[in-house]
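Read through the structure below, which is laid out as structure tokens, and then see the notes.
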Amino acid sequence: MNAAAIQSLIEAGLPGAEVRVATQDDTHFEALIVAPQFAGKRTIQRHQLVYATLGELMGREIHALSMQVLTPEERDARHS
């Protein structure tokens with residue numbers, strides 16, 4: 001599994017999301033995911049949405065995934 005494949009899976013599962021995934025060892029990944037689907041959801045619910053896009057890969061090909069999960073508004077507020 002590589003970062004580009006994980007990014008594609010998340011983008012397919014969360015249409016309209018902006019996704020960046022990085023890794024140094026193709027086992028441990030870091031992701032920044034900005035998606036309108038996160039609006040009104042707590043962090044754990046946002047993570048669950050992302051995990052649903054990855055299915056059984058979590059815990060198998062993907063051993064660790066660190067995530068920042070933001071709405072577009074939250075992202076914009078951080079950059080203003």
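A note on labels: chains of the structure tokens are A, B, ... as shown, every chain counts residues from 1, and ligands are counted from 1 in their shown order.
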Could you give me, as a PyMOL selection string, each residue of chain A that DSSP assigns to alpha helix (DSSP H) when run on this structure's backbone?
chain A and resi 3-13+43-54+72-78
Per DSSP on the backbone, what are the strand (DSSP E) residues of chain A, as a list of chain:residue names?
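The strand (DSSP E) subset of chain A is A:Glu18, A:Val19, A:Arg20, A:Val21, A:Ala22, A:Thr23, A:His28, A:Phe29, A:Glu30, A:Ala31, A:Leu32, A:Ile33, A:Val34, A:Ala64, A:Leu65, A:Ser66, A:Met67, A:Gln68, A:Val69, A:Leu70.
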Filtering to N, CA, C and O atoms, could you give me those residues as a PDB file, in the first residue's frame?
ATOM      1  N   GLU A  18     -10.574  17.218   0.013  1.00  0.00           N
ATOM      2  CA  GLU A  18      -9.185  17.513  -0.318  1.00  0.00           C
ATOM      3  C   GLU A  18      -8.345  16.617   0.583  1.00  0.00           C
ATOM      4  O   GLU A  18      -8.487  16.663   1.809  1.00  0.00           O
ATOM      5  N   VAL A  19      -7.505  15.791  -0.026  1.00  0.00           N
ATOM      6  CA  VAL A  19      -6.778  14.776   0.738  1.00  0.00           C
ATOM      7  C   VAL A  19      -5.294  14.836   0.402  1.00  0.00           C
ATOM      8  O   VAL A  19      -4.915  14.900  -0.770  1.00  0.00           O
ATOM      9  N   ARG A  20      -4.476  14.824   1.457  1.00  0.00           N
ATOM     10  CA  ARG A  20      -3.029  14.680   1.297  1.00  0.00           C
ATOM     11  C   ARG A  20      -2.576  13.572   2.232  1.00  0.00           C
ATOM     12  O   ARG A  20      -2.892  13.599   3.423  1.00  0.00           O
ATOM     13  N   VAL A  21      -1.863  12.607   1.687  1.00  0.00           N
ATOM     14  CA  VAL A  21      -1.363  11.484   2.479  1.00  0.00           C
ATOM     15  C   VAL A  21       0.144  11.393   2.283  1.00  0.00           C
ATOM     16  O   VAL A  21       0.632  11.483   1.163  1.00  0.00           O
ATOM     17  N   ALA A  22       0.850  11.211   3.382  1.00  0.00           N
ATOM     18  CA  ALA A  22       2.304  11.086   3.330  1.00  0.00           C
ATOM     19  C   ALA A  22       2.735   9.851   4.118  1.00  0.00           C
ATOM     20  O   ALA A  22       2.040   9.407   5.040  1.00  0.00           O
ATOM     21  N   THR A  23       3.879   9.301   3.739  1.00  0.00           N
ATOM     22  CA  THR A  23       4.455   8.162   4.448  1.00  0.00           C
ATOM     23  C   THR A  23       5.954   8.137   4.203  1.00  0.00           C
ATOM     24  O   THR A  23       6.431   8.650   3.193  1.00  0.00           O
ATOM     25  N   HIS A  28       3.171   3.294   7.884  1.00  0.00           N
ATOM     26  CA  HIS A  28       2.643   4.329   8.770  1.00  0.00           C
ATOM     27  C   HIS A  28       2.370   5.568   7.929  1.00  0.00           C
ATOM     28  O   HIS A  28       3.249   6.023   7.202  1.00  0.00           O
ATOM     29  N   PHE A  29       1.145   6.081   8.023  1.00  0.00           N
ATOM     30  CA  PHE A  29       0.718   7.170   7.154  1.00  0.00           C
ATOM     31  C   PHE A  29       0.195   8.348   7.959  1.00  0.00           C
ATOM     32  O   PHE A  29      -0.327   8.172   9.060  1.00  0.00           O
ATOM     33  N   GLU A  30       0.334   9.530   7.379  1.00  0.00           N
ATOM     34  CA  GLU A  30      -0.237  10.752   7.934  1.00  0.00           C
ATOM     35  C   GLU A  30      -1.133  11.352   6.865  1.00  0.00           C
ATOM     36  O   GLU A  30      -0.739  11.424   5.700  1.00  0.00           O
ATOM     37  N   ALA A  31      -2.319  11.782   7.254  1.00  0.00           N
ATOM     38  CA  ALA A  31      -3.257  12.335   6.284  1.00  0.00           C
ATOM     39  C   ALA A  31      -3.867  13.640   6.789  1.00  0.00           C
ATOM     40  O   ALA A  31      -4.166  13.780   7.977  1.00  0.00           O
ATOM     41  N   LEU A  32      -4.030  14.556   5.863  1.00  0.00           N
ATOM     42  CA  LEU A  32      -4.815  15.767   6.091  1.00  0.00           C
ATOM     43  C   LEU A  32      -6.025  15.632   5.185  1.00  0.00           C
ATOM     44  O   LEU A  32      -5.878  15.491   3.962  1.00  0.00           O
ATOM     45  N   ILE A  33      -7.192  15.636   5.779  1.00  0.00           N
ATOM     46  CA  ILE A  33      -8.424  15.430   5.023  1.00  0.00           C
ATOM     47  C   ILE A  33      -9.367  16.591   5.336  1.00  0.00           C
ATOM     48  O   ILE A  33      -9.731  16.805   6.498  1.00  0.00           O
ATOM     49  N   VAL A  34      -9.721  17.332   4.302  1.00  0.00           N
ATOM     50  CA  VAL A  34     -10.649  18.453   4.438  1.00  0.00           C
ATOM     51  C   VAL A  34     -11.895  18.075   3.641  1.00  0.00           C
ATOM     52  O   VAL A  34     -11.826  17.897   2.424  1.00  0.00           O
ATOM     53  N   ALA A  64      -0.889   2.054  10.568  1.00  0.00           N
ATOM     54  CA  ALA A  64      -1.131   3.259  11.377  1.00  0.00           C
ATOM     55  C   ALA A  64      -1.490   4.407  10.447  1.00  0.00           C
ATOM     56  O   ALA A  64      -0.859   4.596   9.417  1.00  0.00           O
ATOM     57  N   LEU A  65      -2.518   5.133  10.818  1.00  0.00           N
ATOM     58  CA  LEU A  65      -2.948   6.290  10.039  1.00  0.00           C
ATOM     59  C   LEU A  65      -3.252   7.430  11.002  1.00  0.00           C
ATOM     60  O   LEU A  65      -4.221   7.384  11.759  1.00  0.00           O
ATOM     61  N   SER A  66      -2.400   8.432  10.991  1.00  0.00           N
ATOM     62  CA  SER A  66      -2.602   9.639  11.783  1.00  0.00           C
ATOM     63  C   SER A  66      -3.367  10.627  10.913  1.00  0.00           C
ATOM     64  O   SER A  66      -2.995  10.856   9.759  1.00  0.00           O
ATOM     65  N   MET A  67      -4.444  11.202  11.446  1.00  0.00           N
ATOM     66  CA  MET A  67      -5.295  12.058  10.621  1.00  0.00           C
ATOM     67  C   MET A  67      -5.551  13.415  11.258  1.00  0.00           C
ATOM     68  O   MET A  67      -5.769  13.504  12.462  1.00  0.00           O
ATOM     69  N   GLN A  68      -5.550  14.434  10.417  1.00  0.00           N
ATOM     70  CA  GLN A  68      -6.146  15.723  10.732  1.00  0.00           C
ATOM     71  C   GLN A  68      -7.400  15.775   9.870  1.00  0.00           C
ATOM     72  O   GLN A  68      -7.310  15.634   8.647  1.00  0.00           O
ATOM     73  N   VAL A  69      -8.544  15.941  10.488  1.00  0.00           N
ATOM     74  CA  VAL A  69      -9.817  15.911   9.775  1.00  0.00           C
ATOM     75  C   VAL A  69     -10.543  17.229  10.015  1.00  0.00           C
ATOM     76  O   VAL A  69     -10.944  17.530  11.123  1.00  0.00           O
ATOM     77  N   LEU A  70     -10.683  18.012   8.971  1.00  0.00           N
ATOM     78  CA  LEU A  70     -11.237  19.359   9.082  1.00  0.00           C
ATOM     79  C   LEU A  70     -12.346  19.586   8.065  1.00  0.00           C
ATOM     80  O   LEU A  70     -12.343  18.990   6.989  1.00  0.00           O
TER      81      LEU A  70
END
I'd like the interatomic distance between atom CA of Ala5 of chain A and atom CA of Thr43 of chain A, to a tenth of an Å.
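Separation between atom CA of Ala5 of chain A and atom CA of Thr43 of chain A: 23.4 Å.
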Please identify all polymer residues within 10 Å of Gly40 of chain A, counting only C-alpha atoms, omitting same-chain residues fewer than 5 positions from it, and present them as a list in words.
Gln45, Arg46 and Thr71 of chain A
Nearby residues (only C-alpha atoms) at most 10 Å from Asp25 of chain A, same-chain spacing under 5 positions excluded, as a count of residues only:
3
When you draw a straight line from atom CA of Gly13 of chain A to atom CA of Tyr51 of chain A, how long is it in Å?
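These two atoms are separated by 9.7 Å.
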When distances are computed from only C-alpha atoms, which of A:Leu57, A:Arg42, A:Ile62, A:Ala4 shows the smallest separation from Thr27 of chain A?
A:Ile62
A:Leu54, A:Ala39, A:Ile44, A:Ala77 ranked by distance to Gln7 of chain A, top pick (using only C-alpha atoms)
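Ranking A:Leu54, A:Ala39, A:Ile44, A:Ala77 by distance to Gln7 of chain A, first place goes to A:Leu54.
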Of the residues A:His47, A:Ala35, A:Met58, A:Gln24, which is the one nearest to Ile6 of chain A, using only C-alpha atoms?
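Of the candidates, the smallest distance to Ile6 of chain A is held by A:Met58.
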Would you work out the distance separating atom CA of His79 of chain A from atom CA of Gln48 of chain A, expressed in Å to one decimal?
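Going from atom CA of His79 of chain A over to atom CA of Gln48 of chain A, I get 25.7 Å.
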